Every structure is written in C-alpha cells, then in structure tokens.
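**Student:** Quick one, structure-v1.txt (compact mmCIF, C-alpha atoms and all ligand atoms):
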```txt
# COMPACT_ATOMS: atom_id res chain seq x y z
CA MET A 1 -23.01 48.58 -5.60
CA ASN A 2 -20.97 48.71 -8.79
CA VAL A 3 -18.94 45.95 -10.40
CA ARG A 4 -15.72 47.22 -8.91
CA SER A 5 -16.94 47.13 -5.31
CA VAL A 6 -18.40 43.63 -5.81
CA SER A 7 -15.01 42.44 -6.96
CA CYS A 8 -13.33 44.20 -3.99
CA LEU A 9 -15.77 42.45 -1.69
CA GLY A 10 -14.96 39.16 -3.39
CA TRP A 11 -11.28 39.68 -2.75
CA ALA A 12 -11.87 40.62 0.85
CA VAL A 13 -13.89 37.45 1.40
CA ALA A 14 -11.21 35.36 -0.30
CA ILE A 15 -8.49 36.88 1.88
CA LEU A 16 -10.52 36.38 5.04
CA LEU A 17 -11.18 32.76 4.10
CA ALA A 18 -7.48 32.19 3.40
CA LEU A 19 -6.58 33.72 6.76
CA SER A 20 -9.09 31.64 8.66
CA ASN A 21 -7.92 28.45 6.92
CA ALA A 22 -4.32 29.28 7.80
CA ALA A 23 -5.36 29.91 11.38
CA SER A 24 -7.22 26.60 11.65
CA ALA A 25 -4.23 24.69 10.21
CA ALA A 26 -1.96 26.43 12.70
CA ASP A 27 -4.36 25.63 15.54
CA LYS A 28 -4.33 21.92 14.84
CA VAL A 29 -2.49 19.66 17.22
CA LYS A 30 0.71 18.55 15.51
CA ALA A 31 1.12 14.83 16.08
CA VAL A 32 3.85 12.50 14.89
CA ALA A 33 3.29 8.74 14.72
CA SER A 34 6.21 6.37 14.34
CA PHE A 35 4.63 4.06 11.73
CA SER A 36 1.68 3.96 9.34
CA ILE A 37 -0.66 1.66 11.32
CA LEU A 38 -0.38 3.88 14.38
CA GLY A 39 -0.66 6.98 12.18
CA ASP A 40 -4.06 5.80 10.95
CA MET A 41 -5.27 5.10 14.49
CA VAL A 42 -4.19 8.59 15.62
CA ALA A 43 -5.96 10.15 12.63
CA GLN A 44 -9.17 8.23 13.44
CA VAL A 45 -9.20 9.47 17.04
CA GLY A 46 -7.84 12.95 16.32
CA GLY A 47 -10.18 13.74 13.43
CA ASP A 48 -10.12 17.35 12.24
CA ARG A 49 -8.33 18.68 15.32
CA VAL A 50 -5.10 16.82 14.65
CA GLU A 51 -2.54 16.91 11.87
CA VAL A 52 -0.62 13.62 11.76
CA VAL A 53 2.84 13.09 10.30
CA THR A 54 3.88 9.45 9.97
CA LEU A 55 7.60 8.67 10.03
CA VAL A 56 7.65 5.15 8.55
CA GLY A 57 5.11 5.29 5.75
CA PRO A 58 3.10 2.72 3.77
CA ASN A 59 4.98 -0.53 3.06
CA GLY A 60 7.91 0.72 5.17
CA ASP A 61 9.81 -1.39 7.69
CA ALA A 62 9.99 0.31 11.10
CA HIS A 63 12.39 -2.34 12.48
CA VAL A 64 15.25 -1.10 10.34
CA PHE A 65 14.26 2.53 9.82
CA SER A 66 16.89 5.28 9.85
CA PRO A 67 15.38 8.67 10.70
CA THR A 68 16.47 11.59 8.53
CA PRO A 69 17.04 15.26 9.48
CA ALA A 70 13.56 15.96 8.03
CA ASP A 71 12.07 13.46 10.51
CA ALA A 72 13.88 15.18 13.38
CA LYS A 73 12.54 18.52 12.18
CA ALA A 74 8.96 17.18 12.01
CA LEU A 75 9.29 15.86 15.55
CA ALA A 76 10.84 19.08 16.87
CA SER A 77 7.70 21.05 15.98
CA ALA A 78 5.24 18.38 17.19
CA GLY A 79 3.22 18.60 20.38
CA ILE A 80 2.71 14.86 20.75
CA PHE A 81 4.61 11.77 19.59
CA PHE A 82 2.96 8.35 19.36
CA VAL A 83 5.12 5.24 19.35
CA ASN A 84 4.34 1.53 19.58
CA GLY A 85 6.89 0.65 22.26
CA LEU A 86 7.80 -2.96 23.21
CA GLY A 87 11.15 -2.41 21.49
CA PHE A 88 9.61 -2.02 18.04
CA GLU A 89 11.27 1.29 17.19
CA GLY A 90 14.89 0.97 18.29
CA TRP A 91 15.64 4.41 16.84
CA ILE A 92 13.27 6.46 19.03
CA GLU A 93 15.65 7.57 21.76
CA TRP A 94 18.17 8.80 19.24
CA LEU A 95 15.50 10.66 17.28
CA LYS A 96 14.00 12.24 20.40
CA ARG A 97 17.41 13.44 21.56
CA SER A 98 18.53 14.79 18.21
CA SER A 99 15.23 16.60 17.59
CA GLY A 100 15.00 18.22 21.03
CA PHE A 101 11.33 17.09 21.18
CA GLU A 102 9.66 18.41 24.33
CA GLY A 103 6.05 17.37 23.81
CA GLU A 104 3.98 14.50 25.12
CA LEU A 105 5.26 10.97 24.40
CA VAL A 106 2.52 8.33 24.18
CA ILE A 107 3.42 4.64 24.17
CA ALA A 108 0.41 3.17 22.41
CA SER A 109 0.98 -0.39 23.68
CA LYS A 110 0.99 0.67 27.36
CA GLY A 111 -1.16 -1.80 29.29
CA VAL A 112 -0.98 -4.56 26.66
CA LYS A 113 0.00 -7.96 28.01
CA PRO A 114 3.13 -8.62 25.94
CA LEU A 115 3.88 -11.96 24.41
CA THR A 116 7.43 -12.98 25.10
CA LEU A 117 9.57 -15.11 22.89
CA ASN A 118 10.80 -18.50 23.82
CA GLU A 119 12.20 -21.46 21.92
CA GLU A 120 8.69 -22.52 20.97
CA ARG A 121 7.72 -19.22 19.43
CA HIS A 122 11.08 -18.03 18.17
CA HIS A 123 11.95 -19.76 14.96
CA GLY A 124 15.23 -18.03 14.32
CA ASP A 125 18.53 -19.51 15.33
CA GLY A 126 17.49 -20.34 18.85
CA GLY A 127 19.93 -17.73 20.07
CA GLU A 128 17.31 -15.62 21.79
CA HIS A 129 15.49 -16.75 24.88
CA GLY A 130 12.24 -15.76 26.53
CA GLU A 131 13.32 -12.27 27.58
CA THR A 132 12.36 -10.38 24.43
CA ALA A 133 8.87 -8.91 24.06
CA ASP A 134 7.12 -9.40 20.74
CA PRO A 135 6.31 -5.84 19.58
CA HIS A 136 3.53 -6.67 17.06
CA ALA A 137 0.70 -6.24 19.59
CA TRP A 138 -1.55 -4.35 17.13
CA GLN A 139 -2.18 -7.63 15.29
CA ASP A 140 -4.72 -8.53 18.01
CA LEU A 141 -7.76 -6.22 17.76
CA ALA A 142 -8.27 -6.47 21.53
CA ASN A 143 -4.88 -4.76 21.87
CA GLY A 144 -5.91 -2.28 19.17
CA LYS A 145 -8.64 -1.13 21.58
CA ILE A 146 -5.97 -0.50 24.24
CA TYR A 147 -3.97 1.52 21.69
CA VAL A 148 -7.06 3.63 20.92
CA ALA A 149 -7.67 4.35 24.62
CA ASN A 150 -4.04 5.43 25.05
CA ILE A 151 -4.23 7.63 21.94
CA ARG A 152 -7.45 9.23 23.19
CA ASP A 153 -5.98 9.92 26.64
CA GLY A 154 -2.77 11.29 25.14
CA LEU A 155 -4.65 13.67 22.85
CA ILE A 156 -6.82 14.87 25.74
CA ALA A 157 -3.67 15.55 27.81
CA ALA A 158 -2.10 17.50 24.93
CA ASP A 159 -5.31 19.32 23.92
CA PRO A 160 -7.85 19.38 26.79
CA GLU A 161 -10.24 21.58 24.81
CA GLY A 162 -10.79 18.73 22.37
CA LYS A 163 -11.78 16.23 25.07
CA SER A 164 -15.36 15.68 23.93
CA VAL A 165 -14.30 15.32 20.27
CA TYR A 166 -11.60 12.76 21.09
CA GLU A 167 -13.98 10.83 23.33
CA ALA A 168 -16.66 10.70 20.66
CA ASN A 169 -14.21 9.73 17.88
CA ALA A 170 -12.62 7.05 20.06
CA ALA A 171 -16.00 5.60 21.08
CA LYS A 172 -17.06 5.31 17.44
CA TYR A 173 -13.74 3.77 16.46
CA LEU A 174 -13.84 1.28 19.35
CA ASP A 175 -17.27 0.14 18.15
CA ALA A 176 -15.88 -0.40 14.65
CA ILE A 177 -12.95 -2.39 16.04
CA ALA A 178 -15.30 -4.55 18.12
CA GLU A 179 -17.39 -5.23 15.02
CA GLU A 180 -14.29 -6.21 13.05
CA GLU A 181 -13.26 -8.54 15.91
CA ARG A 182 -16.53 -10.44 15.52
CA ALA A 183 -16.05 -10.61 11.74
CA VAL A 184 -12.48 -11.92 12.07
CA ARG A 185 -13.53 -14.68 14.46
CA ALA A 186 -16.50 -15.65 12.33
CA ALA A 187 -14.33 -15.91 9.20
CA LEU A 188 -11.43 -17.78 10.78
CA ASN A 189 -13.71 -20.17 12.68
CA THR A 190 -14.69 -21.67 9.32
CA LEU A 191 -11.14 -23.02 8.80
CA PRO A 192 -10.54 -26.72 9.48
CA ALA A 193 -8.35 -27.27 12.57
CA ALA A 194 -5.67 -29.11 10.61
CA ARG A 195 -5.11 -26.17 8.29
CA ARG A 196 -4.85 -23.46 10.92
CA LYS A 197 -1.20 -22.81 10.31
CA ILE A 198 0.39 -19.92 8.45
CA ILE A 199 3.92 -19.27 7.33
CA THR A 200 5.20 -15.71 7.00
CA SER A 201 8.71 -14.40 6.48
CA HIS A 202 9.16 -12.61 9.81
CA ASP A 203 7.35 -13.44 13.03
CA ALA A 204 4.82 -10.59 13.04
CA PHE A 205 1.61 -12.55 13.66
CA GLY A 206 2.22 -14.03 17.11
CA TYR A 207 -0.56 -11.94 18.68
CA PHE A 208 -2.85 -12.64 15.73
CA GLY A 209 -2.30 -16.38 16.05
CA THR A 210 -2.75 -16.36 19.82
CA ALA A 211 -5.96 -14.32 19.62
CA TYR A 212 -7.60 -16.12 16.71
CA GLY A 213 -6.31 -19.67 17.02
CA LEU A 214 -3.72 -20.02 14.27
CA GLU A 215 -0.23 -21.40 14.51
CA ILE A 216 2.37 -19.06 13.05
CA VAL A 217 5.69 -20.23 11.67
CA ALA A 218 8.36 -17.81 10.43
CA PRO A 219 11.98 -18.31 9.34
CA GLN A 220 12.94 -14.84 10.58
CA GLY A 221 12.45 -13.81 14.20
CA VAL A 222 10.29 -10.94 15.40
CA THR A 223 12.48 -8.32 13.80
CA THR A 224 13.66 -8.02 10.23
CA ASP A 225 17.15 -6.76 11.05
CA SER A 226 18.91 -10.04 10.41
CA GLU A 227 18.53 -12.64 7.69
CA ALA A 228 16.86 -15.96 8.35
CA SER A 229 19.46 -18.61 9.09
CA ALA A 230 19.89 -21.57 6.76
CA ARG A 231 18.96 -23.79 9.70
CA ALA A 232 15.69 -21.92 10.28
CA VAL A 233 14.78 -22.13 6.59
CA ALA A 234 15.56 -25.86 6.44
CA LYS A 235 13.43 -26.42 9.55
CA ILE A 236 10.48 -24.61 8.00
CA ILE A 237 10.78 -26.56 4.77
CA ARG A 238 10.61 -29.78 6.83
CA GLN A 239 7.60 -28.47 8.77
CA ILE A 240 5.72 -27.55 5.60
CA ARG A 241 6.33 -30.98 4.09
CA GLN A 242 5.46 -32.93 7.24
CA ALA A 243 2.34 -30.95 8.06
CA LYS A 244 1.37 -30.54 4.38
CA ILE A 245 0.90 -26.81 4.89
CA PRO A 246 -0.94 -25.56 1.81
CA ALA A 247 0.22 -21.95 1.60
CA VAL A 248 2.87 -19.50 2.65
CA PHE A 249 2.43 -15.75 2.81
CA ILE A 250 4.71 -12.97 1.75
CA GLU A 251 4.58 -9.67 3.63
CA ASN A 252 4.33 -6.15 2.31
CA ILE A 253 7.43 -5.03 4.20
CA THR A 254 9.87 -7.84 3.47
CA ASP A 255 11.70 -9.15 0.46
CA PRO A 256 9.54 -11.94 -1.05
CA ARG A 257 12.49 -13.97 -2.38
CA LEU A 258 12.95 -16.16 0.69
CA LEU A 259 9.28 -17.18 0.71
CA ASP A 260 9.34 -17.68 -3.06
CA GLN A 261 12.22 -20.11 -2.56
CA ILE A 262 10.42 -21.93 0.26
CA ALA A 263 7.27 -22.19 -1.86
CA ARG A 264 9.22 -23.61 -4.80
CA GLU A 265 11.02 -26.20 -2.68
CA THR A 266 7.90 -27.41 -0.89
CA GLY A 267 5.24 -27.03 -3.54
CA ALA A 268 3.22 -24.82 -1.16
CA LYS A 269 1.46 -22.01 -2.94
CA ILE A 270 1.97 -18.32 -2.17
CA GLY A 271 -1.24 -17.32 -0.38
CA GLY A 272 -0.85 -13.64 -1.19
CA ALA A 273 0.68 -10.76 0.73
CA LEU A 274 -0.16 -10.08 4.35
CA TYR A 275 0.14 -6.60 5.79
CA SER A 276 2.13 -7.00 8.97
CA ASP A 277 3.98 -3.89 10.13
CA ALA A 278 2.76 -1.27 7.65
CA LEU A 279 -0.34 -0.27 5.72
CA SER A 280 -0.60 -0.14 1.95
CA LYS A 281 -0.69 3.13 0.08
CA PRO A 282 -4.14 4.82 0.03
CA ASP A 283 -5.10 3.14 -3.27
CA GLY A 284 -3.90 -0.32 -2.12
CA PRO A 285 -5.87 -3.07 -0.33
CA ALA A 286 -4.96 -2.08 3.25
CA PRO A 287 -4.94 1.71 3.64
CA THR A 288 -6.28 1.63 7.23
CA TYR A 289 -5.81 -0.52 10.34
CA LEU A 290 -9.24 -2.13 9.90
CA ASP A 291 -8.76 -2.60 6.13
CA MET A 292 -5.52 -4.41 6.96
CA PHE A 293 -7.44 -6.95 9.07
CA ARG A 294 -10.10 -7.38 6.38
CA HIS A 295 -7.47 -7.97 3.73
CA ASN A 296 -5.32 -10.33 5.82
CA VAL A 297 -8.25 -12.43 7.02
CA GLU A 298 -9.62 -12.75 3.50
CA ALA A 299 -6.21 -13.83 2.16
CA ILE A 300 -5.77 -16.38 4.96
CA THR A 301 -9.26 -17.87 4.70
CA GLN A 302 -9.03 -18.10 0.90
CA ALA A 303 -5.68 -19.87 1.01
CA LEU A 304 -6.45 -22.23 3.87
CA SER A 305 -10.07 -23.24 3.37
CA SER A 306 -10.20 -26.60 1.71
ZN ZN A 401 7.80 -6.81 12.45
```
Kindly present the structure from the file in structure tokens form.
**Tutor:**
Amino acid sequence: MNVRSVSCLGWAVAILLALSNAASAADKVKAVASFSILGDMVAQVGGDRVEVVTLVGPNGDAHVFSPTPADAKALASAGIFFVNGLGFEGWIEWLKRSSGFEGELVIASKGVKPLTLNEERHHGDGGEHGETADPHAWQDLANGKIYVANIRDGLIAADPEGKSVYEANAAKYLDAIAEEERAVRAALNTLPAARRKIITSHDAFGYFGTAYGLEIVAPQGVTTDSEASARAVAKIIRQIRQAKIPAVFIENITDPRLLDQIARETGAKIGGALYSDALSKPDGPAPTYLDMFRHNVEAITQALSS
C-alpha cells in the first residue's frame, strides 16, 4: 500500500465517520422542554438518545416569556414537547398553535397534588382566592420523582425502541433524587424552629416550604407578571421586624431591587440568591435540578443557622 492509497483510505474513513455521526444526530429524538429545570430532567432521562432544546434558558423567567419565531420553528420539528403545566407557561397554547406542533405533549406535573393559593399563602394584594394552582411543584423533590416518571413514560411513547435505556436512566436518576431528598431533610432539620422562615421576592417556594417545614413569605404572588403592591411590601416589612427574620433571599430570575430595599429597611441581611424557576448557566452554582437543591439548601442553612 503506497502513501497515496493510505491517504485515500484515511479520507474514506473520515467521510464514513462524518456520515454515521450525521445519521446518529438525525436519529435522535428531538425534544423541546419549556424551561431549563425541565430541560435538565429530560436530558437526564433521555441520555444519548434525545436532543433537548430548552425554550426558557438559564436565569430566564418562564412566567413572562414571549416565544419567538425561532422557538416556534424548534417546536415544529420536535417529536415531543415537555411542559410543566399547572398554569406555569401561559404561552403554550399560542406557541403550539402557531408552530403546528403535532408530536407528543407531556405535562410533567401530571399526578402531582397541587397546592392551591388562599389568603394564607398568597401574599399579594389579596385579590386572588384559593382557585389558582401554585405551579412551582418541582421545588419538592417528591414531585420531581413524579416529573421523572412522566418524562420516562413520554419518551417511551415517542421512542419505544429506547424503552430499556429510558427505564435505566430514570431508575438511576430517581435514586439520585431520593438521596438528595435525605440530604435536604438532614440539612434543614438542623435549623432552629424559630428561624424556619424565608423571604423571597415571588412565591416560588410554597412546595419547598410545605415539604421541608419552612414558612415562605413573598411580596409578589406565585407569578412574576405583576409588581408587588405597596401594601404587600409594607406587610412583609412588618413581618420581618416582628418575627426578627434574619435574612431575605433574592432569586436568580427576578429583579433584586425590591428585596434590596426590604433588606435595607429592616436590617435583614441578603442571604444570597435562590434558584427558583430557572437553573444557572453551566458554569454557575446551579446548572442542574439537583445542583439547584444543593445550592438553595446550603444558602438557606447558612443564612438561618444561628
Ligand atoms: Zn415562579
């Protein structure tokens, strides 16, 4: 074999490799997830068989998202679309219609017992009564396990050949979630009862508080689409002073100015940023669903332990 034929062979191999890579990319299940937390969960269960596009990316606010023509195009070519449900993504129907999406729609929160809002839990203007579901169900890891089961079943329906892969990935991920659940309880159980209260800008931690025994106070309601009322802010300032709440938390998706103002007026310290409705970028402190819990729990225990 001379030099020339070796180089021809090299080219042939390179071309074959390129073709097979292109084929495997084309063979992947095209999934779209509405927001970054769900996108990570889909990627964990889908593994190598699934290509995930996330519409509302890191640090993005899905409550007030406006889909673009590029989002509609991504959805049009997708085989499966994962959404949170519980009214979180008010823009889904419009996007589905305008994209002509004909694939499988998976509502990740299906089967979760929703928390509903009432005067007790809603700290906005008092204008909303107990009819609205709180969409932030992923903030309880027990619900996260329900999301994973729905994602697994949705992927199997869309791609039956991958059944054993999805089942294995989901089982491994469910184990990791269960382990994190134990870690979260162990860490938060060290907090004194009197300090088990956190303040965030919008009411995204209702499920977290219910699951892990913390009281959550927020000047904004469960969505971010309207500003906190002056009355709600004044009420929170009174609550912080009366209960001597040591720290307030900003969120990665909301403007920190309101909480800065509340901290200044009450002397409470800013206990760091909590990741509520979106992950951080890959190089940040909360690039995955489980990293988000680790980060949030560490910030809360550091700020509230006496
Ligand atoms: Zn939210």
**Student:** Using only C-alpha atoms and all ligand atoms, determine which residues fall within 12 Å of ligand ZN 401 (chain A), then list them as a VMD selection string.
**Tutor:** chain A and resid 35 59 to 65 84 86 to 89 133 to 139 200 to 207 218 220 to 226 251 to 254 274 to 278
**Student:** Counting all atoms listed in the file, which residues sit no farther than 6 Å from the position (3.2, -2.6, 24.2) in the file's frame? I'd like them as a list in words.
**Tutor:**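 Taken together, the residues in range are Gly85, Leu86, Ser109, Lys110 and Val112 of chain A.
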**Student:** Could you pull the residues within 9 Å of Leu155 of chain A, counting only C-alpha atoms, minus those fewer than 6 positions along the same chain, as a ChimeraX atom specification?
**Tutor:** /A:29,31,42,45-46,50,80,104,162-163,166
**Student:** Could you tell me how far atom CA of Ala33 of chain A lies from atom CA of Glu298 of chain A, in Å and to one decimal?
**Tutor:**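 Atom CA of Glu298 of chain A lies at a distance of 27.5 Å from atom CA of Ala33 of chain A.
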**Student:** Tell me, in Å to one decimal, how far atom CA of Thr68 of chain A is from atom CA of Arg257 of chain A.
**Tutor:**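 It comes out at 28.1 Å.
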**Student:** Need a file for segment 98-224 of chain A from that block: C-alpha atoms, written as an mmCIF file, in the first residue's frame.
**Tutor:**
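Once everything was written out, this is decode.cif:
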```cif
data_model
loop_
_atom_site.group_PDB
_atom_site.id
_atom_site.type_symbol
_atom_site.label_atom_id
_atom_site.label_comp_id
_atom_site.auth_asym_id
_atom_site.auth_seq_id
_atom_site.Cartn_x
_atom_site.Cartn_y
_atom_site.Cartn_z
ATOM 1 C CA SER A 98 -48.521 28.864 15.722
ATOM 2 C CA SER A 99 -45.876 26.138 15.318
ATOM 3 C CA GLY A 100 -48.259 23.454 14.030
ATOM 4 C CA PHE A 101 -46.629 21.005 16.504
ATOM 5 C CA GLU A 102 -48.054 17.511 16.045
ATOM 6 C CA GLY A 103 -45.893 15.459 18.388
ATOM 7 C CA GLU A 104 -46.427 14.125 21.886
ATOM 8 C CA LEU A 105 -47.216 16.685 24.608
ATOM 9 C CA VAL A 106 -46.087 15.654 28.100
ATOM 10 C CA ILE A 107 -47.294 17.565 31.148
ATOM 11 C CA ALA A 108 -44.522 16.819 33.617
ATOM 12 C CA SER A 109 -46.566 17.718 36.707
ATOM 13 C CA LYS A 110 -49.385 15.273 35.855
ATOM 14 C CA GLY A 111 -50.298 13.384 39.027
ATOM 15 C CA VAL A 112 -48.790 15.959 41.411
ATOM 16 C CA LYS A 113 -51.095 17.064 44.206
ATOM 17 C CA PRO A 114 -51.208 20.805 43.521
ATOM 18 C CA LEU A 115 -51.017 23.376 46.253
ATOM 19 C CA THR A 116 -53.697 25.978 45.832
ATOM 20 C CA LEU A 117 -53.447 29.559 46.889
ATOM 21 C CA ASN A 118 -55.543 31.096 49.560
ATOM 22 C CA GLU A 119 -55.323 34.220 51.684
ATOM 23 C CA GLU A 120 -52.868 32.490 53.989
ATOM 24 C CA ARG A 121 -50.429 31.535 51.278
ATOM 25 C CA HIS A 122 -50.970 34.367 48.834
ATOM 26 C CA HIS A 123 -49.147 37.441 49.983
ATOM 27 C CA GLY A 124 -50.040 39.677 47.086
ATOM 28 C CA ASP A 125 -52.934 42.071 47.202
ATOM 29 C CA GLY A 126 -55.431 39.557 48.491
ATOM 30 C CA GLY A 127 -57.223 39.808 45.179
ATOM 31 C CA GLU A 128 -56.809 36.148 44.310
ATOM 32 C CA HIS A 129 -58.588 33.402 46.163
ATOM 33 C CA GLY A 130 -57.997 29.696 46.566
ATOM 34 C CA GLU A 131 -58.745 28.730 42.975
ATOM 35 C CA THR A 132 -55.275 29.177 41.498
ATOM 36 C CA ALA A 133 -52.803 26.278 41.499
ATOM 37 C CA ASP A 134 -49.239 27.029 42.517
ATOM 38 C CA PRO A 135 -47.151 25.888 39.517
ATOM 39 C CA HIS A 136 -43.756 25.525 41.283
ATOM 40 C CA ALA A 137 -44.226 21.824 42.069
ATOM 41 C CA TRP A 138 -40.623 20.909 41.124
ATOM 42 C CA GLN A 139 -39.426 22.592 44.328
ATOM 43 C CA ASP A 140 -40.465 19.440 46.232
ATOM 44 C CA LEU A 141 -38.173 16.533 45.286
ATOM 45 C CA ALA A 142 -41.045 14.079 45.832
ATOM 46 C CA ASN A 143 -42.804 15.845 42.958
ATOM 47 C CA GLY A 144 -39.545 15.783 40.983
ATOM 48 C CA LYS A 145 -39.831 11.975 41.066
ATOM 49 C CA ILE A 146 -43.322 12.239 39.538
ATOM 50 C CA TYR A 147 -41.902 14.511 36.810
ATOM 51 C CA VAL A 148 -39.195 11.932 36.046
ATOM 52 C CA ALA A 149 -41.758 9.116 35.747
ATOM 53 C CA ASN A 150 -43.849 11.227 33.354
ATOM 54 C CA ILE A 151 -40.762 12.120 31.297
ATOM 55 C CA ARG A 152 -39.737 8.448 31.119
ATOM 56 C CA ASP A 153 -43.222 7.341 30.026
ATOM 57 C CA GLY A 154 -43.447 10.150 27.469
ATOM 58 C CA LEU A 155 -40.092 9.244 25.932
ATOM 59 C CA ILE A 156 -41.061 5.565 25.765
ATOM 60 C CA ALA A 157 -44.310 6.507 23.989
ATOM 61 C CA ALA A 158 -42.410 8.668 21.483
ATOM 62 C CA ASP A 159 -39.497 6.230 21.020
ATOM 63 C CA PRO A 160 -40.473 2.672 22.054
ATOM 64 C CA GLU A 161 -37.123 1.275 20.890
ATOM 65 C CA GLY A 162 -35.394 3.222 23.649
ATOM 66 C CA LYS A 163 -37.572 1.783 26.427
ATOM 67 C CA SER A 164 -34.820 -0.064 28.289
ATOM 68 C CA VAL A 165 -32.460 2.944 28.085
ATOM 69 C CA TYR A 166 -35.088 5.353 29.414
ATOM 70 C CA GLU A 167 -36.036 2.947 32.191
ATOM 71 C CA ALA A 168 -32.426 2.514 33.262
ATOM 72 C CA ASN A 169 -31.656 6.258 33.114
ATOM 73 C CA ALA A 170 -34.829 7.104 35.037
ATOM 74 C CA ALA A 171 -34.136 4.487 37.723
ATOM 75 C CA LYS A 172 -30.639 5.864 38.276
ATOM 76 C CA TYR A 173 -31.918 9.434 38.367
ATOM 77 C CA LEU A 174 -34.732 8.541 40.800
ATOM 78 C CA ASP A 175 -32.129 7.046 43.141
ATOM 79 C CA ALA A 176 -30.112 10.271 42.982
ATOM 80 C CA ILE A 177 -33.220 12.343 43.723
ATOM 81 C CA ALA A 178 -34.089 10.125 46.695
ATOM 82 C CA GLU A 179 -30.558 10.554 48.029
ATOM 83 C CA GLU A 180 -30.805 14.337 47.662
ATOM 84 C CA GLU A 181 -34.155 14.252 49.494
ATOM 85 C CA ARG A 182 -32.459 12.671 52.503
ATOM 86 C CA ALA A 183 -29.656 15.245 52.346
ATOM 87 C CA VAL A 184 -32.099 18.175 52.174
ATOM 88 C CA ARG A 185 -34.047 16.950 55.208
ATOM 89 C CA ALA A 186 -30.887 16.271 57.182
ATOM 90 C CA ALA A 187 -29.541 19.767 56.477
ATOM 91 C CA LEU A 188 -32.770 21.669 57.120
ATOM 92 C CA ASN A 189 -33.567 19.687 60.268
ATOM 93 C CA THR A 190 -30.586 21.376 61.920
ATOM 94 C CA LEU A 191 -32.329 24.782 61.768
ATOM 95 C CA PRO A 192 -33.949 26.091 64.957
ATOM 96 C CA ALA A 193 -37.762 26.154 64.714
ATOM 97 C CA ALA A 194 -37.956 29.895 65.300
ATOM 98 C CA ARG A 195 -35.776 30.654 62.300
ATOM 99 C CA ARG A 196 -37.536 28.430 59.790
ATOM 100 C CA LYS A 197 -38.875 31.284 57.748
ATOM 101 C CA ILE A 198 -37.626 32.566 54.415
ATOM 102 C CA ILE A 199 -38.482 35.628 52.403
ATOM 103 C CA THR A 200 -38.195 35.578 48.618
ATOM 104 C CA SER A 201 -39.395 38.051 46.022
ATOM 105 C CA HIS A 202 -42.012 35.888 44.312
ATOM 106 C CA ASP A 203 -43.843 32.973 45.887
ATOM 107 C CA ALA A 204 -41.928 30.112 44.256
ATOM 108 C CA PHE A 205 -41.099 28.024 47.326
ATOM 109 C CA GLY A 206 -44.548 27.001 48.564
ATOM 110 C CA TYR A 207 -43.927 23.318 47.781
ATOM 111 C CA PHE A 208 -40.414 23.526 49.212
ATOM 112 C CA GLY A 209 -41.718 25.017 52.456
ATOM 113 C CA THR A 210 -44.559 22.515 52.738
ATOM 114 C CA ALA A 211 -42.265 19.544 52.095
ATOM 115 C CA TYR A 212 -39.358 20.580 54.297
ATOM 116 C CA GLY A 213 -41.008 22.572 57.078
ATOM 117 C CA LEU A 214 -40.209 26.196 56.300
ATOM 118 C CA GLU A 215 -42.555 29.133 56.213
ATOM 119 C CA ILE A 216 -42.292 31.129 53.000
ATOM 120 C CA VAL A 217 -43.181 34.796 52.741
ATOM 121 C CA ALA A 218 -43.116 36.687 49.429
ATOM 122 C CA PRO A 219 -44.268 40.188 48.447
ATOM 123 C CA GLN A 220 -45.120 39.028 44.923
ATOM 124 C CA GLY A 221 -47.612 36.243 44.283
ATOM 125 C CA VAL A 222 -46.873 32.979 42.523
ATOM 126 C CA THR A 223 -46.224 34.642 39.201
ATOM 127 C CA THR A 224 -43.867 37.465 38.352
#
```
